[in-house]
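Raw target-v5.cif, mmCIF, C-alpha atoms:
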data_model
loop_
_atom_site.label_atom_id
_atom_site.label_comp_id
_atom_site.auth_asym_id
_atom_site.auth_seq_id
_atom_site.Cartn_x
_atom_site.Cartn_y
_atom_site.Cartn_z
CA MET A 221 20.32 102.75 117.41
CA THR A 222 18.93 102.51 113.86
CA PRO A 223 20.28 104.92 111.26
CA THR A 224 17.17 107.09 111.38
CA HIS A 225 16.78 107.11 115.16
CA ARG A 226 16.90 110.73 116.20
CA VAL A 227 18.08 111.70 119.67
CA TYR A 228 16.55 114.53 121.74
CA ASN A 229 18.95 117.41 121.21
CA PHE A 230 18.93 120.08 123.90
CA ALA A 231 22.14 121.86 122.82
CA ALA A 232 22.03 125.67 122.79
CA GLY A 233 23.31 125.34 119.22
CA PRO A 234 23.74 124.33 116.46
CA ALA A 235 20.06 124.52 115.64
CA VAL A 236 17.84 121.46 115.54
CA LEU A 237 16.12 121.47 112.15
CA PRO A 238 12.44 120.61 111.71
CA VAL A 239 12.02 117.02 110.50
CA PRO A 240 9.85 118.08 107.52
CA VAL A 241 12.74 120.32 106.36
CA LEU A 242 15.20 117.44 106.66
CA GLU A 243 12.76 115.16 104.84
CA GLU A 244 12.42 117.60 101.96
CA ILE A 245 16.21 117.84 101.66
CA GLN A 246 16.42 114.05 101.79
CA ARG A 247 13.71 113.59 99.15
CA ASP A 248 15.42 115.95 96.68
CA LEU A 249 18.98 114.94 97.47
CA LEU A 250 19.58 113.00 94.26
CA ALA A 251 17.91 115.54 92.00
CA LEU A 252 16.28 118.91 92.58
CA PRO A 253 12.80 118.85 90.99
CA GLY A 254 12.98 120.38 87.52
CA VAL A 255 16.77 120.55 87.64
CA GLY A 256 17.82 116.90 87.54
CA MET A 257 21.00 117.43 89.57
CA SER A 258 21.65 117.31 93.30
CA VAL A 259 21.94 120.59 95.16
CA LEU A 260 25.47 119.29 95.90
CA GLU A 261 26.26 119.29 92.17
CA ILE A 262 24.80 122.52 90.82
CA SER A 263 26.98 125.54 90.14
CA HIS A 264 26.91 128.31 92.73
CA ARG A 265 26.42 130.58 89.71
CA SER A 266 23.54 128.59 88.19
CA ARG A 267 19.97 129.85 87.94
CA ALA A 268 18.86 126.99 90.22
CA CYS A 269 21.26 128.09 92.96
CA GLU A 270 20.41 131.79 92.51
CA SER A 271 16.75 130.93 92.87
CA ILE A 272 17.40 129.02 96.13
CA LEU A 273 19.34 132.01 97.48
CA ALA A 274 16.66 134.47 96.38
CA GLN A 275 13.97 132.39 98.09
CA ALA A 276 16.08 132.14 101.28
CA GLU A 277 16.58 135.91 101.24
CA ALA A 278 12.87 136.54 100.70
CA ASN A 279 11.98 134.22 103.60
CA ILE A 280 14.54 135.90 105.86
CA ARG A 281 13.19 139.35 104.96
CA VAL A 282 9.68 138.33 105.99
CA LEU A 283 10.70 136.39 109.09
CA ALA A 284 13.02 139.08 110.48
CA GLY A 285 11.03 142.07 109.17
CA ILE A 286 13.94 143.52 107.23
CA PRO A 287 13.28 146.95 105.64
CA ASP A 288 13.81 147.22 101.88
CA HIS A 289 16.79 149.54 102.22
CA TYR A 290 18.77 146.86 104.05
CA ARG A 291 20.77 144.26 102.14
CA VAL A 292 20.91 140.60 103.17
CA LEU A 293 24.32 138.98 102.66
CA PHE A 294 25.30 135.33 103.00
CA LEU A 295 28.98 135.28 103.98
CA GLN A 296 31.49 132.64 105.01
CA GLY A 297 33.97 132.61 107.88
CA GLY A 298 31.47 132.54 110.73
CA ALA A 299 30.43 135.39 113.00
CA SER A 300 34.08 135.38 114.10
CA LEU A 301 35.17 136.72 110.72
CA GLN A 302 32.80 139.65 111.31
CA PHE A 303 34.87 140.44 114.42
CA SER A 304 37.55 141.46 111.89
CA MET A 305 35.46 142.54 108.90
CA VAL A 306 33.44 145.10 110.85
CA PRO A 307 36.46 147.13 112.05
CA MET A 308 38.31 146.61 108.75
CA ASN A 309 35.36 148.16 106.93
CA PHE A 310 34.15 150.76 109.40
CA LEU A 311 36.93 151.65 111.86
CA SER A 312 38.99 154.11 109.86
CA PRO A 313 42.29 155.52 111.16
CA GLY A 314 41.76 158.30 113.68
CA SER A 315 38.27 157.17 114.65
CA THR A 316 37.16 155.14 117.65
CA ALA A 317 34.72 152.26 117.96
CA ASP A 318 32.79 151.71 121.18
CA TYR A 319 32.43 148.12 122.38
CA ILE A 320 30.06 146.94 125.10
CA ASP A 321 31.91 144.08 126.78
CA ALA A 322 29.09 141.97 128.17
CA GLY A 323 30.15 138.38 127.41
CA SER A 324 32.83 136.01 126.15
CA TRP A 325 32.06 136.61 122.47
CA ALA A 326 32.07 140.39 122.92
CA GLY A 327 35.53 139.94 124.43
CA LYS A 328 36.68 138.07 121.33
CA ALA A 329 35.22 140.76 119.07
CA ILE A 330 37.16 143.40 121.02
CA GLU A 331 40.43 141.48 120.66
CA GLU A 332 40.06 141.48 116.86
CA ALA A 333 38.97 145.13 116.65
CA GLU A 334 42.01 146.20 118.68
CA LYS A 335 44.23 144.71 115.96
CA VAL A 336 42.60 147.07 113.46
CA GLY A 337 42.09 150.39 115.23
CA ARG A 338 41.17 152.33 118.34
CA VAL A 339 38.65 150.69 120.63
CA ASN A 340 36.85 152.22 123.61
CA ILE A 341 35.33 149.76 126.07
CA ALA A 342 32.09 151.64 126.69
CA ALA A 343 31.22 149.31 129.57
CA SER A 344 32.37 145.93 130.81
CA THR A 345 30.97 143.31 133.15
CA ARG A 346 34.02 141.10 132.75
CA SER A 347 35.04 141.60 136.40
CA ASP A 348 31.58 140.23 137.35
CA SER A 349 32.31 137.13 135.22
CA TYR A 350 29.87 138.61 132.71
CA ALA A 351 27.04 137.71 135.07
CA ARG A 352 24.95 140.69 133.95
CA ILE A 353 24.38 143.13 131.09
CA PRO A 354 25.73 146.66 131.78
CA ALA A 355 23.06 149.21 132.70
CA GLN A 356 22.38 152.12 130.36
CA SER A 357 23.85 154.47 132.99
CA GLU A 358 27.18 152.60 132.89
CA LEU A 359 27.80 153.27 129.19
CA ARG A 360 30.70 155.63 128.50
CA LEU A 361 30.28 156.31 124.80
CA SER A 362 32.76 158.21 122.62
CA ASN A 363 31.85 161.38 120.79
CA GLY A 364 31.48 160.55 117.11
CA ALA A 365 32.19 156.83 117.50
CA ALA A 366 32.57 154.98 114.19
CA TYR A 367 30.06 152.50 115.60
CA VAL A 368 28.94 150.85 118.84
CA HIS A 369 29.30 147.06 119.00
CA MET A 370 27.26 144.72 121.20
CA THR A 371 26.48 141.00 121.46
CA SER A 372 22.74 140.73 121.97
CA ASN A 373 22.59 137.33 123.68
CA ASN A 374 25.31 135.46 125.54
CA THR A 375 24.43 131.77 125.75
CA ILE A 376 27.68 130.96 127.55
CA GLU A 377 26.80 133.28 130.43
CA GLY A 378 23.01 133.19 130.10
CA THR A 379 22.54 136.95 129.77
CA GLN A 380 20.63 138.85 127.12
CA PHE A 381 19.94 142.49 126.27
CA LYS A 382 16.20 142.94 126.90
CA ARG A 383 16.19 146.20 124.92
CA LEU A 384 18.72 147.94 122.70
CA PRO A 385 20.93 150.45 124.52
CA GLU A 386 20.49 154.15 123.74
CA ILE A 387 23.65 155.11 121.91
CA GLY A 388 22.87 158.39 120.14
CA SER A 389 23.68 158.76 116.46
CA ALA A 390 26.49 156.22 116.06
CA PRO A 391 25.63 153.11 113.99
CA LEU A 392 24.80 150.14 116.19
CA VAL A 393 26.49 146.86 115.25
CA SER A 394 25.00 143.73 116.86
CA ASP A 395 26.15 140.14 116.93
CA THR A 396 22.72 138.48 117.11
CA SER A 397 23.92 134.90 116.50
CA SER A 398 22.00 133.57 119.51
CA ASP A 399 18.92 135.79 119.05
CA MET A 400 18.24 135.72 115.33
CA PHE A 401 14.73 134.51 114.46
CA SER A 402 13.98 133.83 118.15
CA ARG A 403 12.45 137.24 118.87
CA PRO A 404 11.82 140.48 116.94
CA ILE A 405 14.99 142.50 116.34
CA GLU A 406 14.77 146.23 115.61
CA ILE A 407 16.66 146.05 112.35
CA SER A 408 16.20 149.73 111.45
CA ARG A 409 18.04 150.84 114.58
CA HIS A 410 21.15 149.02 113.36
CA GLY A 411 24.08 149.97 111.14
CA LEU A 412 24.96 146.28 110.79
CA ILE A 413 23.67 142.98 112.16
CA TYR A 414 25.49 139.69 111.87
CA ALA A 415 24.61 136.17 112.95
CA GLY A 416 26.34 132.85 112.41
CA ALA A 417 23.75 130.47 110.96
CA GLN A 418 24.73 127.48 113.08
CA LYS A 419 23.37 128.87 116.31
CA ASN A 420 19.71 129.56 115.57
CA MET A 421 19.16 129.20 111.84
CA GLY A 422 20.77 126.20 110.21
CA PRO A 423 23.99 124.36 109.45
CA ALA A 424 27.40 125.83 110.26
CA GLY A 425 29.17 127.48 107.36
CA VAL A 426 27.22 130.61 106.51
CA THR A 427 26.86 133.93 108.31
CA LEU A 428 23.92 136.25 107.80
CA VAL A 429 24.82 139.94 107.52
CA ILE A 430 22.13 142.63 107.36
CA ILE A 431 23.37 146.05 106.39
CA PRO A 432 21.76 149.26 105.10
CA ASP A 433 22.39 150.43 101.55
CA SER A 434 24.51 153.39 102.66
CA PRO A 435 28.11 152.21 102.49
CA GLY A 436 29.36 154.32 105.41
CA GLY A 437 27.36 152.18 107.78
CA LYS A 438 25.29 155.12 109.03
CA VAL A 439 21.77 154.14 109.92
CA ILE A 440 19.21 155.42 107.44
CA GLU A 441 15.77 155.66 108.98
CA ALA A 442 13.08 154.11 106.84
CA PRO A 443 10.93 156.90 105.31
CA MET K 188 10.54 115.02 85.03
CA THR K 189 10.15 113.08 88.29
CA PRO K 190 11.98 114.44 91.33
CA THR K 191 14.66 111.77 91.14
CA HIS K 192 15.18 111.96 87.38
CA ARG K 193 18.86 112.80 86.90
CA VAL K 194 20.01 114.62 83.77
CA TYR K 195 23.27 113.89 81.96
CA ASN K 196 25.60 116.60 83.22
CA PHE K 197 28.54 117.40 80.96
CA ALA K 198 29.58 120.66 82.69
CA ALA K 199 33.32 121.17 83.26
CA GLY K 200 32.33 121.85 86.88
CA PRO K 201 30.94 121.67 89.52
CA ALA K 202 31.67 117.99 89.86
CA VAL K 203 29.06 115.33 89.23
CA LEU K 204 28.97 113.16 92.36
CA PRO K 205 28.72 109.34 92.18
CA VAL K 206 25.13 108.20 92.79
CA PRO K 207 26.20 105.81 95.62
CA VAL K 208 27.72 108.81 97.43
CA LEU K 209 24.51 110.81 97.05
CA GLU K 210 22.49 107.79 98.17
CA GLU K 211 24.59 107.43 101.33
CA ILE K 212 24.11 111.13 102.14
CA GLN K 213 20.39 110.74 101.47
CA ARG K 214 20.10 107.65 103.65
CA ASP K 215 21.81 109.33 106.63
CA LEU K 216 20.28 112.77 106.14
CA LEU K 217 17.88 112.57 109.10
CA ALA K 218 20.38 111.02 111.49
CA LEU K 219 24.02 110.03 111.21
CA PRO K 220 24.38 106.39 112.33
CA GLY K 221 25.40 106.29 115.98
CA VAL K 222 24.91 110.05 116.35
CA GLY K 223 21.16 110.49 116.04
CA MET K 224 21.36 113.97 114.53
CA SER K 225 21.59 115.13 110.93
CA VAL K 226 24.98 116.21 109.61
CA LEU K 227 23.18 119.56 109.14
CA GLU K 228 22.58 119.79 112.90
CA ILE K 229 25.83 118.67 114.53
CA SER K 230 28.32 121.17 115.91
CA HIS K 231 31.36 121.93 113.76
CA ARG K 232 33.28 121.35 117.01
CA SER K 233 31.65 117.98 117.83
CA ARG K 234 33.47 114.66 117.82
CA ALA K 235 31.17 113.47 115.01
CA CYS K 236 32.16 116.40 112.81
CA GLU K 237 35.85 116.08 113.67
CA SER K 238 35.70 112.42 112.73
CA ILE K 239 34.14 113.24 109.34
CA LEU K 240 36.87 115.80 108.70
CA ALA K 241 39.62 113.40 109.79
CA GLN K 242 38.27 110.70 107.46
CA ALA K 243 38.04 113.19 104.58
CA GLU K 244 41.64 114.26 105.22
CA ALA K 245 42.84 110.65 105.37
CA ASN K 246 41.09 109.86 102.08
CA ILE K 247 42.54 112.95 100.43
CA ARG K 248 46.04 112.05 101.63
CA VAL K 249 45.79 108.61 100.02
CA LEU K 250 44.09 109.77 96.83
CA ALA K 251 46.47 112.67 96.17
CA GLY K 252 49.59 111.01 97.61
CA ILE K 253 50.26 113.79 100.10
CA PRO K 254 53.52 113.45 102.09
CA ASP K 255 53.23 113.44 105.89
CA HIS K 256 55.01 116.77 106.27
CA TYR K 257 52.26 118.55 104.35
CA ARG K 258 49.13 119.82 106.09
CA VAL K 259 45.68 119.52 104.58
CA LEU K 260 43.42 122.53 105.26
CA PHE K 261 39.74 122.95 104.52
CA LEU K 262 39.15 126.68 104.01
CA GLN K 263 36.26 128.86 102.94
CA GLY K 264 36.16 131.71 100.45
CA GLY K 265 36.87 129.71 97.32
CA ALA K 266 40.10 129.47 95.37
CA SER K 267 39.59 133.19 94.75
CA LEU K 268 40.29 133.98 98.41
CA GLN K 269 43.63 132.21 97.96
CA PHE K 270 44.42 134.80 95.26
CA SER K 271 44.63 137.22 98.24
CA MET K 272 45.70 134.90 101.08
CA VAL K 273 48.79 133.64 99.27
CA PRO K 274 50.39 137.07 98.77
CA MET K 275 49.14 138.31 102.17
CA ASN K 276 50.97 135.40 103.82
CA PHE K 277 54.04 134.99 101.61
CA LEU K 278 54.71 138.21 99.68
CA SER K 279 56.49 140.31 102.27
CA PRO K 280 57.44 143.95 101.61
CA GLY K 281 60.57 144.24 99.47
CA SER K 282 60.18 140.80 97.93
CA THR K 283 58.76 139.85 94.55
CA ALA K 284 56.42 137.06 93.51
CA ASP K 285 56.63 135.57 90.01
CA TYR K 286 53.33 134.84 88.27
CA ILE K 287 52.93 132.75 85.13
CA ASP K 288 50.02 134.35 83.29
CA ALA K 289 48.63 131.48 81.25
CA GLY K 290 44.84 131.82 81.61
CA SER K 291 41.90 133.88 82.86
CA TRP K 292 42.18 132.68 86.44
CA ALA K 293 45.91 133.35 86.57
CA GLY K 294 45.05 136.88 85.46
CA LYS K 295 42.64 137.24 88.36
CA ALA K 296 45.25 135.89 90.80
CA ILE K 297 47.72 138.50 89.51
CA GLU K 298 45.21 141.33 90.00
CA GLU K 299 44.82 140.42 93.68
CA ALA K 300 48.54 139.89 94.29
CA GLU K 301 49.30 143.33 92.83
CA LYS K 302 47.14 144.86 95.57
CA VAL K 303 49.41 143.27 98.17
CA GLY K 304 52.96 143.53 96.87
CA ARG K 305 55.40 143.42 93.96
CA VAL K 306 54.53 141.05 91.15
CA ASN K 307 56.69 139.98 88.23
CA ILE K 308 54.86 138.48 85.26
CA ALA K 309 57.35 135.70 84.50
CA ALA K 310 55.59 134.94 81.22
CA SER K 311 52.23 135.71 79.66
CA THR K 312 50.23 134.29 76.80
CA ARG K 313 47.47 136.84 77.25
CA SER K 314 48.23 138.47 73.87
CA ASP K 315 47.64 135.04 72.29
CA SER K 316 44.21 134.93 74.03
CA TYR K 317 45.77 132.40 76.41
CA ALA K 318 45.68 129.84 73.59
CA ARG K 319 48.81 128.12 74.88
CA ILE K 320 50.97 127.51 77.96
CA PRO K 321 54.24 129.49 77.97
CA ALA K 322 57.31 127.42 77.09
CA GLN K 323 59.99 126.87 79.73
CA SER K 324 62.35 129.08 77.68
CA GLU K 325 59.92 132.02 77.93
CA LEU K 326 59.99 132.17 81.75
CA ARG K 327 61.73 135.27 83.12
CA LEU K 328 62.00 134.40 86.82
CA SER K 329 63.14 136.81 89.55
CA ASN K 330 66.18 136.14 91.70
CA GLY K 331 65.00 135.08 95.13
CA ALA K 332 61.29 135.24 94.30
CA ALA K 333 59.00 134.81 97.32
CA TYR K 334 57.20 132.20 95.26
CA VAL K 335 56.18 131.33 91.70
CA HIS K 336 52.44 131.10 91.03
CA MET K 337 50.79 129.09 88.27
CA THR K 338 47.33 127.77 87.37
CA SER K 339 47.78 124.16 86.35
CA ASN K 340 44.70 123.72 84.17
CA ASN K 341 42.62 126.36 82.41
CA THR K 342 39.22 124.95 81.55
CA ILE K 343 38.06 128.27 80.06
CA GLU K 344 40.84 128.21 77.47
CA GLY K 345 41.37 124.46 77.30
CA THR K 346 45.08 124.53 78.11
CA GLN K 347 46.96 122.57 80.76
CA PHE K 348 50.54 122.34 82.04
CA LYS K 349 51.71 118.87 81.01
CA ARG K 350 54.64 119.07 83.44
CA LEU K 351 55.63 121.48 86.18
CA PRO K 352 57.90 124.31 85.04
CA GLU K 353 61.51 124.36 86.28
CA ILE K 354 61.67 127.31 88.64
CA GLY K 355 64.78 126.79 90.75
CA SER K 356 64.54 127.08 94.52
CA ALA K 357 61.50 129.36 94.89
CA PRO K 358 58.38 127.73 96.36
CA LEU K 359 55.90 126.77 93.66
CA VAL K 360 52.28 127.77 94.32
CA SER K 361 49.68 126.07 92.10
CA ASP K 362 45.99 126.62 91.65
CA THR K 363 45.00 123.04 90.80
CA SER K 364 41.22 123.55 91.01
CA SER K 365 40.61 121.92 87.63
CA ASP K 366 43.27 119.21 88.00
CA MET K 367 42.88 117.97 91.58
CA PHE K 368 42.21 114.23 91.80
CA SER K 369 42.12 113.93 87.98
CA ARG K 370 45.81 113.10 87.59
CA PRO K 371 48.85 112.69 89.86
CA ILE K 372 50.19 116.02 91.14
CA GLU K 373 53.78 116.29 92.39
CA ILE K 374 52.87 117.61 95.81
CA SER K 375 56.42 117.62 97.16
CA ARG K 376 57.56 120.04 94.48
CA HIS K 377 55.11 122.62 95.81
CA GLY K 378 55.24 125.28 98.52
CA LEU K 379 51.43 125.51 98.43
CA ILE K 380 48.61 123.94 96.42
CA TYR K 381 45.04 125.16 96.45
CA ALA K 382 41.90 123.90 94.78
CA GLY K 383 38.28 124.98 95.04
CA ALA K 384 36.24 121.85 95.79
CA GLN K 385 33.41 122.65 93.42
CA LYS K 386 35.39 122.02 90.27
CA ASN K 387 36.62 118.45 90.63
CA MET K 388 35.92 117.28 94.17
CA GLY K 389 32.49 118.14 95.54
CA PRO K 390 30.05 120.89 96.43
CA ALA K 391 30.97 124.57 96.27
CA GLY K 392 31.92 126.13 99.60
CA VAL K 393 35.22 124.60 100.63
CA THR K 394 38.74 125.05 99.30
CA LEU K 395 41.46 122.47 99.76
CA VAL K 396 44.87 123.89 100.69
CA ILE K 397 47.95 121.66 100.89
CA ILE K 398 50.96 123.27 102.51
CA PRO K 399 54.22 122.01 104.03
CA ASP K 400 54.83 122.30 107.76
CA SER K 401 57.48 124.97 107.33
CA PRO K 402 55.72 128.29 107.79
CA GLY K 403 57.92 130.22 105.37
CA GLY K 404 56.43 128.30 102.51
CA LYS K 405 59.82 126.93 101.41
CA VAL K 406 59.57 123.47 99.92
CA ILE K 407 60.95 120.77 102.18
CA GLU K 408 61.93 117.67 100.25
CA ALA K 409 60.63 114.45 101.79
CA PRO K 410 63.54 112.56 103.38
#
Spit out the file's structure as structure tokens when you get a sec.
Amino acid sequence: MTPTHRVYNFAAGPAVLPVPVLEEIQRDLLALPGVGMSVLEISHRSRACESILAQAEANIRVLAGIPDHYRVLFLQGGASLQFSMVPMNFLSPGSTADYIDAGSWAGKAIEEAEKVGRVNIAASTRSDSYARIPAQSELRLSNGAAYVHMTSNNTIEGTQFKRLPEIGSAPLVSDTSSDMFSRPIEISRHGLIYAGAQKNMGPAGVTLVIIPDSPGGKVIEAP
Amino acid sequence: MTPTHRVYNFAAGPAVLPVPVLEEIQRDLLALPGVGMSVLEISHRSRACESILAQAEANIRVLAGIPDHYRVLFLQGGASLQFSMVPMNFLSPGSTADYIDAGSWAGKAIEEAEKVGRVNIAASTRSDSYARIPAQSELRLSNGAAYVHMTSNNTIEGTQFKRLPEIGSAPLVSDTSSDMFSRPIEISRHGLIYAGAQKNMGPAGVTLVIIPDSPGGKVIEAP
């Protein structure tokens, strides 16, 4: 196999990158045009880096149809860190978060949330080996839940929410790691969306978080 | 300026990378030899990725002279996350951590530690605009401190510890971001060492943590 021989990669993730993207990275690897340093050498606080991030955010906003009143964050720690960050930020003492337990990753998210606060399993298909998504009629939602958490696509089990569940007024939090950029996502129905980049978007190491301006995590409908 | 024109880069950090290193990354960017996928496409759990990490760890162990009973961790969140992780892991309720306040980054580490537990400023040169490192005779250390924290090199102020302070039996925790790999560091005198990669070692995004096997953070002398 020659160094540039590329195999056919059928893995569910990490994402295969388009060859022209890899070729552009390769071409500019020694020096970004107009900068004269490698992207591996520039400061994360430099104008060059800020401009790369701003362009990435702008592209993501167009591609995912993100309303202006939602922020786009690039975080570390993987989607798994969001399993903890979401309850640490939004599950205050005395309140309850509803979790839809429809796959292995949802199960892991629940484990972390239970370390932080009170969790209600609104529905679970664990006893069916997660072979299906719970029906709307199975959901047992809490009154005044801090949020409702779901995993939109379960590549381990091969199941996927075809539409968002009806959950009333609680903010909907979705782990869309295996859906992001593969189909339209109704951003404005969400209080928070997170997605590890390595599944559908790019290299492991960054997690995309999409969150409305309002700090309480309540969904603000676009005017 | 042509795309591959490289400027002279005199910044104190991030690190300038050797051109042969950049050229090797460039050469293999479309497909790692024997793997057939780009390093940007392989799973962080794949054998190829594990082998890269193992080689990086082995190189670091040789370069920094790390004893076998110390672990080498690659973490995210920057050295700044260690400002929080260190007290969250080692500053238990009722105990005190000693901080040597000898530069801007030490000040930031103190701010974060104070959110977690009790901090004793063992010495400070803040009122001298951090123009010097405190003398050994100025250190006011606590009895039974959970650890003593220092920043070994302050590139903002241009000051550097020429030798490690004498601190008795408490574990020494050093932020060596601006010293790592630039001079020998007495690893075995430390209970924990951390260093953001972007300053002396490589691209921003990873933090090197060197920590002895013993979970309490107590220094174990090599036999």
Could you give me, as JSON lines, every chain A residue with an atom at most 9 Å from chain K, plus its closest atom pair and distance in Å to one decimal, counting only C-alpha atoms, rows ordered by chain then number?
{"residue": "A:Met221", "atom": "CA", "partner": "K:Gly221", "partner_atom": "CA", "distance": 6.4}
{"residue": "A:Thr222", "atom": "CA", "partner": "K:Pro220", "partner_atom": "CA", "distance": 6.9}
{"residue": "A:Pro223", "atom": "CA", "partner": "K:Pro220", "partner_atom": "CA", "distance": 4.5}
{"residue": "A:Thr224", "atom": "CA", "partner": "K:Ala218", "partner_atom": "CA", "distance": 5.1}
{"residue": "A:His225", "atom": "CA", "partner": "K:Gly223", "partner_atom": "CA", "distance": 5.6}
{"residue": "A:Arg226", "atom": "CA", "partner": "K:Gly223", "partner_atom": "CA", "distance": 4.3}
{"residue": "A:Val227", "atom": "CA", "partner": "K:Gly223", "partner_atom": "CA", "distance": 4.9}
{"residue": "A:Tyr228", "atom": "CA", "partner": "K:Gly223", "partner_atom": "CA", "distance": 8.4}
{"residue": "A:Asn229", "atom": "CA", "partner": "K:Met224", "partner_atom": "CA", "distance": 7.9}
{"residue": "A:Gly233", "atom": "CA", "partner": "K:Ser230", "partner_atom": "CA", "distance": 7.3}
{"residue": "A:Pro234", "atom": "CA", "partner": "K:Ser230", "partner_atom": "CA", "distance": 5.6}
{"residue": "A:Ala235", "atom": "CA", "partner": "K:Glu228", "partner_atom": "CA", "distance": 6.0}
{"residue": "A:Val236", "atom": "CA", "partner": "K:Glu228", "partner_atom": "CA", "distance": 5.7}
{"residue": "A:Leu237", "atom": "CA", "partner": "K:Glu228", "partner_atom": "CA", "distance": 6.7}
{"residue": "A:Val239", "atom": "CA", "partner": "K:Leu217", "partner_atom": "CA", "distance": 7.5}
{"residue": "A:Leu242", "atom": "CA", "partner": "K:Leu217", "partner_atom": "CA", "distance": 6.1}
{"residue": "A:Glu243", "atom": "CA", "partner": "K:Leu217", "partner_atom": "CA", "distance": 7.1}
{"residue": "A:Ile245", "atom": "CA", "partner": "K:Leu216", "partner_atom": "CA", "distance": 7.9}
{"residue": "A:Gln246", "atom": "CA", "partner": "K:Gln213", "partner_atom": "CA", "distance": 5.2}
{"residue": "A:Arg247", "atom": "CA", "partner": "K:Gln213", "partner_atom": "CA", "distance": 7.6}
{"residue": "A:Asp248", "atom": "CA", "partner": "K:Pro190", "partner_atom": "CA", "distance": 6.5}
{"residue": "A:Leu249", "atom": "CA", "partner": "K:Gln213", "partner_atom": "CA", "distance": 6.0}
{"residue": "A:Leu250", "atom": "CA", "partner": "K:Thr191", "partner_atom": "CA", "distance": 6.0}
{"residue": "A:Ala251", "atom": "CA", "partner": "K:Thr191", "partner_atom": "CA", "distance": 5.1}
{"residue": "A:Leu252", "atom": "CA", "partner": "K:Pro190", "partner_atom": "CA", "distance": 6.3}
{"residue": "A:Pro253", "atom": "CA", "partner": "K:Pro190", "partner_atom": "CA", "distance": 4.5}
{"residue": "A:Gly254", "atom": "CA", "partner": "K:Met188", "partner_atom": "CA", "distance": 6.4}
{"residue": "A:Val255", "atom": "CA", "partner": "K:Val194", "partner_atom": "CA", "distance": 7.8}
{"residue": "A:Gly256", "atom": "CA", "partner": "K:Arg193", "partner_atom": "CA", "distance": 4.3}
{"residue": "A:Met257", "atom": "CA", "partner": "K:Arg193", "partner_atom": "CA", "distance": 5.8}
{"residue": "A:Ser258", "atom": "CA", "partner": "K:Leu209", "partner_atom": "CA", "distance": 8.0}
{"residue": "A:Val259", "atom": "CA", "partner": "K:Pro390", "partner_atom": "CA", "distance": 8.2}
{"residue": "A:Leu260", "atom": "CA", "partner": "K:Pro390", "partner_atom": "CA", "distance": 4.9}
{"residue": "A:Glu261", "atom": "CA", "partner": "K:Val203", "partner_atom": "CA", "distance": 5.7}
{"residue": "A:Ile262", "atom": "CA", "partner": "K:Pro201", "partner_atom": "CA", "distance": 6.3}
{"residue": "A:Ser263", "atom": "CA", "partner": "K:Pro201", "partner_atom": "CA", "distance": 5.6}
{"residue": "A:His264", "atom": "CA", "partner": "K:Ala391", "partner_atom": "CA", "distance": 6.6}
{"residue": "A:Leu295", "atom": "CA", "partner": "K:Gly264", "partner_atom": "CA", "distance": 8.8}
{"residue": "A:Gln296", "atom": "CA", "partner": "K:Gln263", "partner_atom": "CA", "distance": 6.4}
{"residue": "A:Gly297", "atom": "CA", "partner": "K:Gln263", "partner_atom": "CA", "distance": 6.6}
{"residue": "A:Gln418", "atom": "CA", "partner": "K:Ser230", "partner_atom": "CA", "distance": 7.8}
{"residue": "A:Gly422", "atom": "CA", "partner": "K:Leu227", "partner_atom": "CA", "distance": 7.1}
{"residue": "A:Pro423", "atom": "CA", "partner": "K:Leu227", "partner_atom": "CA", "distance": 4.9}
{"residue": "A:Ala424", "atom": "CA", "partner": "K:His231", "partner_atom": "CA", "distance": 6.6}
{"residue": "A:Gly425", "atom": "CA", "partner": "K:Gly392", "partner_atom": "CA", "distance": 8.3}
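For the pair atom CA of A:Lys328 and atom CA of A:Phe230, the interatomic distance is 25.4 Å.
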- Distance of atom CA of A:Pro313 from atom CA of A:Gly388, expressed in Å to one decimal place: 21.6 Å
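One distance worth recording is that between atom CA of K:Ile354 and atom CA of K:Gln323, which is 9.1 Å.
Shortest atom-to-atom contact with K:Ser314 among K:Met388, K:Ala289, K:Val273, K:Val396: K:Ala289, counting only C-alpha atoms.
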- Item | Pick from A:Pro404, A:Gly411, A:Pro238, A:Gly337, whichever lies nearest to A:Arg291 using all atoms listed in the file | A:Gly411
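Here the question is which of K:Tyr286, K:Tyr334, K:Phe261, K:Trp292 gets nearest to K:Ala310 using all atoms listed in the file, and that residue is K:Tyr286.
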- Message: Under the PyMOL selection byres ((chain A and resi 300) around 10), which residues of this model are included? Write them out as a PyMOL selection string.
- Response: chain A and resi 296-299+301-305+325+328-329+332+395+414-416+427
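Minimum distance to A:Asn373 across A:Leu361, A:Ala326, A:Ala274, A:Leu392 (counting only C-alpha atoms) occurs at A:Ala326.
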